[in-house]
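Shown below: final_17.pdb, with PDB, N, CA and C atoms.
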MODEL        1
ATOM      1  N   MET M   1     -46.938 -27.484 -15.914
ATOM      2  CA  MET M   1     -45.946 -27.355 -16.957
ATOM      3  C   MET M   1     -45.329 -25.947 -16.929
ATOM      4  N   THR M   2     -46.137 -24.947 -16.638
ATOM      5  CA  THR M   2     -45.649 -23.573 -16.578
ATOM      6  C   THR M   2     -44.656 -23.415 -15.433
ATOM      7  N   LYS M   3     -44.966 -24.062 -14.318
ATOM      8  CA  LYS M   3     -44.052 -23.990 -13.170
ATOM      9  C   LYS M   3     -42.720 -24.643 -13.497
ATOM     10  N   LEU M   4     -42.737 -25.686 -14.272
ATOM     11  CA  LEU M   4     -41.507 -26.378 -14.662
ATOM     12  C   LEU M   4     -40.627 -25.466 -15.509
ATOM     13  N   PHE M   5     -41.242 -24.765 -16.504
ATOM     14  CA  PHE M   5     -40.477 -23.855 -17.339
ATOM     15  C   PHE M   5     -39.918 -22.674 -16.539
ATOM     16  N   LEU M   6     -40.696 -22.164 -15.614
ATOM     17  CA  LEU M   6     -40.212 -21.077 -14.766
ATOM     18  C   LEU M   6     -39.052 -21.536 -13.890
ATOM     19  N   ALA M   7     -39.156 -22.728 -13.351
ATOM     20  CA  ALA M   7     -38.085 -23.268 -12.511
ATOM     21  C   ALA M   7     -36.827 -23.506 -13.327
ATOM     22  N   LEU M   8     -36.962 -24.035 -14.538
ATOM     23  CA  LEU M   8     -35.797 -24.261 -15.406
ATOM     24  C   LEU M   8     -35.174 -22.936 -15.836
ATOM     25  N   GLY M   9     -35.988 -21.945 -16.116
ATOM     26  CA  GLY M   9     -35.466 -20.629 -16.485
ATOM     27  C   GLY M   9     -34.712 -19.973 -15.345
ATOM     28  N   ALA M  10     -35.248 -20.074 -14.147
ATOM     29  CA  ALA M  10     -34.567 -19.505 -12.983
ATOM     30  C   ALA M  10     -33.259 -20.235 -12.708
ATOM     31  N   ALA M  11     -33.265 -21.549 -12.870
ATOM     32  CA  ALA M  11     -32.039 -22.324 -12.657
ATOM     33  C   ALA M  11     -30.990 -21.972 -13.707
ATOM     34  N   ALA M  12     -31.404 -21.758 -14.945
ATOM     35  CA  ALA M  12     -30.462 -21.410 -16.010
ATOM     36  C   ALA M  12     -29.826 -20.050 -15.742
ATOM     37  N   VAL M  13     -30.611 -19.105 -15.295
ATOM     38  CA  VAL M  13     -30.072 -17.776 -14.992
ATOM     39  C   VAL M  13     -29.107 -17.852 -13.811
ATOM     40  N   ALA M  14     -29.468 -18.614 -12.798
ATOM     41  CA  ALA M  14     -28.624 -18.721 -11.606
ATOM     42  C   ALA M  14     -27.304 -19.413 -11.918
ATOM     43  N   LEU M  15     -27.327 -20.417 -12.765
ATOM     44  CA  LEU M  15     -26.100 -21.149 -13.079
ATOM     45  C   LEU M  15     -25.221 -20.428 -14.090
ATOM     46  N   SER M  16     -25.799 -19.596 -14.938
ATOM     47  CA  SER M  16     -25.008 -18.921 -15.957
ATOM     48  C   SER M  16     -24.336 -17.655 -15.440
ATOM     49  N   ALA M  17     -24.797 -17.141 -14.328
ATOM     50  CA  ALA M  17     -24.207 -15.917 -13.777
ATOM     51  C   ALA M  17     -22.907 -16.267 -13.075
ATOM     52  N   ALA M  18     -21.807 -15.783 -13.619
ATOM     53  CA  ALA M  18     -20.495 -16.036 -13.013
ATOM     54  C   ALA M  18     -20.267 -15.017 -11.909
ATOM     55  N   PRO M  19     -19.725 -15.443 -10.779
ATOM     56  CA  PRO M  19     -19.471 -14.482  -9.705
ATOM     57  C   PRO M  19     -18.363 -13.515 -10.121
ATOM     58  N   ALA M  20     -18.638 -12.258 -10.011
ATOM     59  CA  ALA M  20     -17.662 -11.229 -10.370
ATOM     60  C   ALA M  20     -16.740 -10.974  -9.180
ATOM     61  N   GLU M  21     -15.478 -10.768  -9.479
ATOM     62  CA  GLU M  21     -14.525 -10.460  -8.413
ATOM     63  C   GLU M  21     -14.688  -9.000  -8.038
ATOM     64  N   ALA M  22     -15.139  -8.771  -6.851
ATOM     65  CA  ALA M  22     -15.379  -7.404  -6.406
ATOM     66  C   ALA M  22     -14.050  -6.743  -6.076
ATOM     67  N   LYS M  23     -13.875  -5.541  -6.574
ATOM     68  CA  LYS M  23     -12.671  -4.776  -6.276
ATOM     69  C   LYS M  23     -13.028  -3.721  -5.248
ATOM     70  N   HIS M  24     -12.319  -3.756  -4.159
ATOM     71  CA  HIS M  24     -12.538  -2.789  -3.100
ATOM     72  C   HIS M  24     -11.374  -1.803  -3.129
ATOM     73  N   TYR M  25     -11.673  -0.544  -3.407
ATOM     74  CA  TYR M  25     -10.638   0.471  -3.527
ATOM     75  C   TYR M  25     -10.385   1.150  -2.189
ATOM     76  N   THR M  26      -9.172   1.649  -2.035
ATOM     77  CA  THR M  26      -8.759   2.344  -0.828
ATOM     78  C   THR M  26      -8.572   3.830  -1.154
ATOM     79  N   ASN M  27      -8.135   4.588  -0.173
ATOM     80  CA  ASN M  27      -7.814   5.995  -0.395
ATOM     81  C   ASN M  27      -6.354   6.184  -0.794
ATOM     82  N   HIS M  28      -5.619   5.086  -0.954
ATOM     83  CA  HIS M  28      -4.224   5.165  -1.367
ATOM     84  C   HIS M  28      -4.163   5.375  -2.875
ATOM     85  N   THR M  29      -3.281   6.244  -3.305
ATOM     86  CA  THR M  29      -3.101   6.494  -4.728
ATOM     87  C   THR M  29      -1.654   6.236  -5.107
ATOM     88  N   ALA M  30      -1.456   5.974  -6.393
ATOM     89  CA  ALA M  30      -0.113   5.753  -6.919
ATOM     90  C   ALA M  30      -0.008   6.457  -8.260
ATOM     91  N   CYS M  31       1.182   6.855  -8.588
ATOM     92  CA  CYS M  31       1.400   7.532  -9.858
ATOM     93  C   CYS M  31       1.364   6.496 -10.977
ATOM     94  N   SER M  32       0.627   6.804 -12.044
ATOM     95  CA  SER M  32       0.554   5.874 -13.167
ATOM     96  C   SER M  32       1.231   6.434 -14.415
ATOM     97  N   LYS M  33       1.605   7.719 -14.407
ATOM     98  CA  LYS M  33       2.286   8.297 -15.564
ATOM     99  C   LYS M  33       3.174   9.448 -15.108
ATOM    100  N   TRP M  34       4.436   9.401 -15.539
ATOM    101  CA  TRP M  34       5.401  10.436 -15.193
ATOM    102  C   TRP M  34       5.762  11.228 -16.442
ATOM    103  N   HIS M  35       6.011  12.526 -16.275
ATOM    104  CA  HIS M  35       6.455  13.375 -17.378
ATOM    105  C   HIS M  35       7.433  14.404 -16.822
ATOM    106  N   HIS M  36       8.674  14.354 -17.288
ATOM    107  CA  HIS M  36       9.743  15.251 -16.837
ATOM    108  C   HIS M  36       9.905  15.221 -15.320
ATOM    109  N   GLY M  37       9.859  14.036 -14.745
ATOM    110  CA  GLY M  37      10.076  13.878 -13.321
ATOM    111  C   GLY M  37       8.903  14.254 -12.440
ATOM    112  N   ARG M  38       7.742  14.533 -13.021
ATOM    113  CA  ARG M  38       6.543  14.872 -12.255
ATOM    114  C   ARG M  38       5.439  13.889 -12.591
ATOM    115  N   CYS M  39       4.637  13.603 -11.588
ATOM    116  CA  CYS M  39       3.509  12.713 -11.798
ATOM    117  C   CYS M  39       2.376  13.502 -12.457
ATOM    118  N   VAL M  40       1.861  12.996 -13.577
ATOM    119  CA  VAL M  40       0.778  13.685 -14.280
ATOM    120  C   VAL M  40      -0.517  12.874 -14.281
ATOM    121  N   ALA M  41      -0.483  11.633 -13.804
ATOM    122  CA  ALA M  41      -1.701  10.815 -13.737
ATOM    123  C   ALA M  41      -1.623   9.898 -12.523
ATOM    124  N   TRP M  42      -2.719   9.832 -11.787
ATOM    125  CA  TRP M  42      -2.793   9.023 -10.579
ATOM    126  C   TRP M  42      -3.899   7.999 -10.728
ATOM    127  N   HIS M  43      -3.802   6.894  -9.991
ATOM    128  CA  HIS M  43      -4.901   5.932  -9.920
ATOM    129  C   HIS M  43      -5.024   5.426  -8.488
ATOM    130  N   ARG M  44      -6.259   5.065  -8.127
ATOM    131  CA  ARG M  44      -6.523   4.544  -6.786
ATOM    132  C   ARG M  44      -6.149   3.076  -6.733
ATOM    133  N   LEU M  45      -5.610   2.650  -5.602
ATOM    134  CA  LEU M  45      -5.188   1.270  -5.426
ATOM    135  C   LEU M  45      -6.308   0.437  -4.806
ATOM    136  N   THR M  46      -6.353  -0.833  -5.192
ATOM    137  CA  THR M  46      -7.259  -1.756  -4.531
ATOM    138  C   THR M  46      -6.635  -2.156  -3.199
ATOM    139  N   ARG M  47      -7.377  -2.871  -2.388
ATOM    140  CA  ARG M  47      -6.840  -3.286  -1.085
ATOM    141  C   ARG M  47      -5.607  -4.160  -1.246
ATOM    142  N   ALA M  48      -5.644  -5.089  -2.209
ATOM    143  CA  ALA M  48      -4.498  -5.983  -2.424
ATOM    144  C   ALA M  48      -3.279  -5.196  -2.893
ATOM    145  N   GLN M  49      -3.468  -4.239  -3.790
ATOM    146  CA  GLN M  49      -2.353  -3.431  -4.261
ATOM    147  C   GLN M  49      -1.776  -2.576  -3.144
ATOM    148  N   ALA M  50      -2.621  -2.041  -2.299
ATOM    149  CA  ALA M  50      -2.156  -1.196  -1.200
ATOM    150  C   ALA M  50      -1.340  -2.010  -0.203
ATOM    151  N   ARG M  51      -1.736  -3.269   0.044
ATOM    152  CA  ARG M  51      -0.960  -4.115   0.955
ATOM    153  C   ARG M  51       0.414  -4.402   0.387
ATOM    154  N   ARG M  52       0.494  -4.633  -0.928
ATOM    155  CA  ARG M  52       1.792  -4.907  -1.548
ATOM    156  C   ARG M  52       2.642  -3.651  -1.628
ATOM    157  N   ALA M  53       2.014  -2.499  -1.804
ATOM    158  CA  ALA M  53       2.754  -1.256  -1.992
ATOM    159  C   ALA M  53       3.388  -0.749  -0.707
ATOM    160  N   GLY M  54       2.834  -1.077   0.437
ATOM    161  CA  GLY M  54       3.363  -0.564   1.693
ATOM    162  C   GLY M  54       2.954   0.887   1.888
ATOM    163  N   TYR M  55       3.734   1.617   2.661
ATOM    164  CA  TYR M  55       3.436   3.014   2.926
ATOM    165  C   TYR M  55       4.145   3.888   1.901
ATOM    166  N   ALA M  56       3.549   4.999   1.565
ATOM    167  CA  ALA M  56       4.131   5.917   0.594
ATOM    168  C   ALA M  56       4.695   7.143   1.309
ATOM    169  N   VAL M  57       5.494   7.906   0.586
ATOM    170  CA  VAL M  57       6.007   9.164   1.123
ATOM    171  C   VAL M  57       4.809  10.058   1.418
ATOM    172  N   GLY M  58       4.805  10.632   2.613
ATOM    173  CA  GLY M  58       3.701  11.479   3.031
ATOM    174  C   GLY M  58       2.734  10.780   3.971
ATOM    175  N   HIS M  59       2.835   9.447   4.074
ATOM    176  CA  HIS M  59       1.954   8.720   4.999
ATOM    177  C   HIS M  59       2.269   9.164   6.421
ATOM    178  N   ARG M  60       1.245   9.385   7.228
ATOM    179  CA  ARG M  60       1.446   9.848   8.603
ATOM    180  C   ARG M  60       1.245   8.699   9.574
ATOM    181  N   PHE M  61       2.268   8.431  10.372
ATOM    182  CA  PHE M  61       2.191   7.453  11.448
ATOM    183  C   PHE M  61       1.745   8.147  12.726
ATOM    184  N   ALA M  62       1.212   7.390  13.643
ATOM    185  CA  ALA M  62       0.821   7.933  14.941
ATOM    186  C   ALA M  62       2.069   8.111  15.815
ATOM    187  N   PRO M  63       2.044   9.057  16.736
ATOM    188  CA  PRO M  63       3.187   9.236  17.637
ATOM    189  C   PRO M  63       3.462   7.990  18.483
ATOM    190  N   SER M  64       2.440   7.199  18.743
ATOM    191  CA  SER M  64       2.606   6.006  19.577
ATOM    192  C   SER M  64       2.896   4.750  18.764
ATOM    193  N   PHE M  65       3.207   4.880  17.473
ATOM    194  CA  PHE M  65       3.505   3.727  16.624
ATOM    195  C   PHE M  65       4.760   3.025  17.136
ATOM    196  N   ALA M  66       4.873   1.732  16.928
ATOM    197  CA  ALA M  66       6.037   0.955  17.377
ATOM    198  C   ALA M  66       7.184   1.145  16.381
ATOM    199  N   TYR M  67       7.976   2.172  16.588
ATOM    200  CA  TYR M  67       9.078   2.484  15.689
ATOM    201  C   TYR M  67      10.257   1.561  15.949
ATOM    202  N   THR M  68      11.091   1.393  14.911
ATOM    203  CA  THR M  68      12.299   0.583  15.015
ATOM    204  C   THR M  68      13.411   1.426  15.617
ATOM    205  N   ASP M  69      14.160   0.849  16.536
ATOM    206  CA  ASP M  69      15.290   1.560  17.133
ATOM    207  C   ASP M  69      16.371   1.813  16.080
ATOM    208  N   TYR M  70      17.048   2.921  16.220
ATOM    209  CA  TYR M  70      18.130   3.269  15.300
ATOM    210  C   TYR M  70      19.220   2.195  15.313
ATOM    211  N   SER M  71      19.508   1.643  16.472
ATOM    212  CA  SER M  71      20.562   0.627  16.584
ATOM    213  C   SER M  71      20.166  -0.699  15.932
ATOM    214  N   ALA M  72      18.872  -0.913  15.669
ATOM    215  CA  ALA M  72      18.423  -2.158  15.048
ATOM    216  C   ALA M  72      18.450  -2.105  13.522
ATOM    217  N   LEU M  73      18.738  -0.942  12.959
ATOM    218  CA  LEU M  73      18.794  -0.815  11.499
ATOM    219  C   LEU M  73      20.085  -1.434  10.971
ATOM    220  N   PRO M  74      20.072  -1.997   9.758
ATOM    221  CA  PRO M  74      21.304  -2.561   9.183
ATOM    222  C   PRO M  74      22.357  -1.471   8.990
ATOM    223  N   GLN M  75      23.535  -1.685   9.561
ATOM    224  CA  GLN M  75      24.594  -0.673   9.546
ATOM    225  C   GLN M  75      25.018  -0.252   8.140
ATOM    226  N   PRO M  76      25.109  -1.165   7.159
ATOM    227  CA  PRO M  76      25.478  -0.692   5.811
ATOM    228  C   PRO M  76      24.469   0.307   5.227
ATOM    229  N   LEU M  77      23.183   0.118   5.531
ATOM    230  CA  LEU M  77      22.178   1.062   5.035
ATOM    231  C   LEU M  77      22.236   2.393   5.779
ATOM    232  N   VAL M  78      22.555   2.347   7.058
ATOM    233  CA  VAL M  78      22.697   3.581   7.839
ATOM    234  C   VAL M  78      23.815   4.428   7.259
ATOM    235  N   THR M  79      24.924   3.801   6.925
ATOM    236  CA  THR M  79      26.068   4.518   6.358
ATOM    237  C   THR M  79      25.767   5.006   4.948
ATOM    238  N   ARG M  80      25.204   4.122   4.127
ATOM    239  CA  ARG M  80      24.960   4.459   2.723
ATOM    240  C   ARG M  80      23.954   5.604   2.558
ATOM    241  N   TYR M  81      22.887   5.587   3.345
ATOM    242  CA  TYR M  81      21.836   6.594   3.196
ATOM    243  C   TYR M  81      21.918   7.722   4.235
ATOM    244  N   HIS M  82      22.997   7.751   5.000
ATOM    245  CA  HIS M  82      23.241   8.819   5.981
ATOM    246  C   HIS M  82      22.052   8.983   6.935
ATOM    247  N   LEU M  83      21.607   7.886   7.511
ATOM    248  CA  LEU M  83      20.492   7.917   8.460
ATOM    249  C   LEU M  83      20.991   8.451   9.796
ATOM    250  N   ARG M  84      20.166   9.250  10.455
ATOM    251  CA  ARG M  84      20.568   9.887  11.712
ATOM    252  C   ARG M  84      19.785   9.297  12.878
ATOM    253  N   ASP M  85      20.374   9.376  14.048
ATOM    254  CA  ASP M  85      19.745   8.782  15.230
ATOM    255  C   ASP M  85      18.616   9.630  15.803
ATOM    256  N   ASN M  86      18.425  10.863  15.355
ATOM    257  CA  ASN M  86      17.349  11.689  15.888
ATOM    258  C   ASN M  86      16.071  11.627  15.038
ATOM    259  N   TRP M  87      16.029  10.758  14.030
ATOM    260  CA  TRP M  87      14.829  10.541  13.232
ATOM    261  C   TRP M  87      14.164   9.240  13.674
ATOM    262  N   ARG M  88      12.964   8.988  13.201
ATOM    263  CA  ARG M  88      12.251   7.745  13.509
ATOM    264  C   ARG M  88      12.244   6.861  12.270
ATOM    265  N   TYR M  89      12.204   5.543  12.517
ATOM    266  CA  TYR M  89      12.280   4.584  11.418
ATOM    267  C   TYR M  89      11.284   3.455  11.629
ATOM    268  N   VAL M  90      10.738   2.972  10.498
ATOM    269  CA  VAL M  90       9.864   1.806  10.503
ATOM    270  C   VAL M  90      10.487   0.818   9.538
ATOM    271  N   ASN M  91      10.754  -0.397  10.005
ATOM    272  CA  ASN M  91      11.360  -1.434   9.182
ATOM    273  C   ASN M  91      10.331  -2.536   8.978
ATOM    274  N   GLN M  92       9.641  -2.512   7.808
ATOM    275  CA  GLN M  92       8.592  -3.486   7.511
ATOM    276  C   GLN M  92       8.632  -3.875   6.044
ATOM    277  N   ASP M  93       8.263  -5.102   5.763
ATOM    278  CA  ASP M  93       8.050  -5.598   4.395
ATOM    279  C   ASP M  93       9.236  -5.340   3.469
ATOM    280  N   GLY M  94      10.438  -5.457   3.980
ATOM    281  CA  GLY M  94      11.617  -5.259   3.143
ATOM    282  C   GLY M  94      11.894  -3.810   2.798
ATOM    283  N   ARG M  95      11.336  -2.890   3.573
ATOM    284  CA  ARG M  95      11.553  -1.463   3.348
ATOM    285  C   ARG M  95      11.826  -0.772   4.680
ATOM    286  N   ILE M  96      12.631   0.284   4.622
ATOM    287  CA  ILE M  96      12.838   1.152   5.779
ATOM    288  C   ILE M  96      12.172   2.477   5.451
ATOM    289  N   TYR M  97      11.247   2.888   6.298
ATOM    290  CA  TYR M  97      10.542   4.154   6.126
ATOM    291  C   TYR M  97      11.169   5.169   7.069
ATOM    292  N   VAL M  98      11.678   6.255   6.512
ATOM    293  CA  VAL M  98      12.286   7.323   7.301
ATOM    294  C   VAL M  98      11.170   8.303   7.654
ATOM    295  N   VAL M  99      10.950   8.502   8.963
ATOM    296  CA  VAL M  99       9.821   9.287   9.446
ATOM    297  C   VAL M  99      10.329  10.553  10.136
ATOM    298  N   ASN M 100       9.768  11.680   9.752
ATOM    299  CA  ASN M 100      10.100  12.952  10.373
ATOM    300  C   ASN M 100       9.621  12.918  11.833
ATOM    301  N   PRO M 101      10.487  13.219  12.806
ATOM    302  CA  PRO M 101      10.079  13.119  14.213
ATOM    303  C   PRO M 101       9.090  14.198  14.665
ATOM    304  N   HIS M 102       8.935  15.249  13.892
ATOM    305  CA  HIS M 102       8.016  16.320  14.283
ATOM    306  C   HIS M 102       6.622  16.154  13.671
ATOM    307  N   THR M 103       6.575  15.769  12.390
ATOM    308  CA  THR M 103       5.279  15.623  11.709
ATOM    309  C   THR M 103       4.811  14.184  11.640
ATOM    310  N   TYR M 104       5.687  13.226  11.926
ATOM    311  CA  TYR M 104       5.404  11.787  11.861
ATOM    312  C   TYR M 104       5.022  11.349  10.447
ATOM    313  N   ARG M 105       5.498  12.037   9.437
ATOM    314  CA  ARG M 105       5.225  11.678   8.047
ATOM    315  C   ARG M 105       6.460  11.025   7.433
ATOM    316  N   VAL M 106       6.218  10.072   6.522
ATOM    317  CA  VAL M 106       7.297   9.376   5.827
ATOM    318  C   VAL M 106       7.945  10.347   4.850
ATOM    319  N   THR M 107       9.276  10.471   4.926
ATOM    320  CA  THR M 107       9.999  11.359   4.020
ATOM    321  C   THR M 107      10.772  10.581   2.961
ATOM    322  N   ARG M 108      11.185   9.350   3.286
ATOM    323  CA  ARG M 108      11.922   8.503   2.338
ATOM    324  C   ARG M 108      11.533   7.059   2.538
ATOM    325  N   VAL M 109      11.581   6.298   1.455
ATOM    326  CA  VAL M 109      11.361   4.853   1.522
ATOM    327  C   VAL M 109      12.602   4.198   0.940
ATOM    328  N   ILE M 110      13.255   3.351   1.727
ATOM    329  CA  ILE M 110      14.487   2.687   1.319
ATOM    330  C   ILE M 110      14.217   1.189   1.243
ATOM    331  N   ARG M 111      14.485   0.595   0.067
ATOM    332  CA  ARG M 111      14.318  -0.854  -0.086
ATOM    333  C   ARG M 111      15.519  -1.570   0.532
ATOM    334  N   VAL M 112      15.239  -2.585   1.317
ATOM    335  CA  VAL M 112      16.290  -3.390   1.937
ATOM    336  C   VAL M 112      16.617  -4.515   0.979
ATOM    337  N   PRO M 113      17.879  -4.615   0.549
ATOM    338  CA  PRO M 113      18.243  -5.694  -0.393
ATOM    339  C   PRO M 113      18.235  -7.058   0.234
TER     340      PRO M 113
ENDMDL
END
Please lay out the structure from this file as structure tokens.
Amino acid sequence: MTKLFLALGAAAVALSAAPAEAKHYTNHTACSKWHHGRCVAWHRLTRAQARRAGYAVGHRFAPSFAYTDYSALPQPLVTRYHLRDNWRYVNQDGRIYVVNPHTYRVTRVIRVP
């Protein structure tokens, strides 16, 4: 009888425990509060948020990254944002990332309409 109660107790605990959604955080941060044009509070992004956010200004690409050719960029955006042919560009996820050719860091993020 004691074994039966122990088995029922263990089963009750196992069935009542709801699986928690584990949040895995990355090293990517985003501004969560602005004051007078400056970020005053930051928060770390989860993996899902980081995938949706894309790359941020300051992200460093490798020199061997597969960059987009200047001629493959949409011409209206090249004219509107004064993009130059001596810079590097990444066209992903509906955004154009303007990359400094010397430091390989993102300097601007342009949303593609």
Using only C-alpha atoms, can you list as a ChimeraX atom specification the residues within 7 Å of (-10.4, -1.2, -4.1)? /M:23-26,45-47
The PyMOL selection byres ((chain M and resi 83-98) around 6) on the file shown: which residues, as a PyMOL selection string? chain M and resi 67-68+70+77-82+99-101+105-112
What's the separation between atom CA of Leu73 of chain M and atom CA of Thr103 of chain M, in Å to one decimal place? 21.3 Å
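Across the model, the gap from atom C of Cys39 of chain M to atom C of Ala56 of chain M is 15.3 Å.
Going from atom N of Gly58 of chain M to atom N of His102 of chain M covers 12.9 Å.
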Identify which of the residues M:Ala62, M:Tyr55, M:His43, M:Ser71 lies closest to Thr29 of chain M, counting only N, CA and C atoms when measuring atom-to-atom distances. M:His43
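Considering only C-alpha atoms, the residue among M:Phe61, M:Pro76, M:Ala30, M:Asp69 positioned nearest to Trp42 of chain M is M:Ala30.
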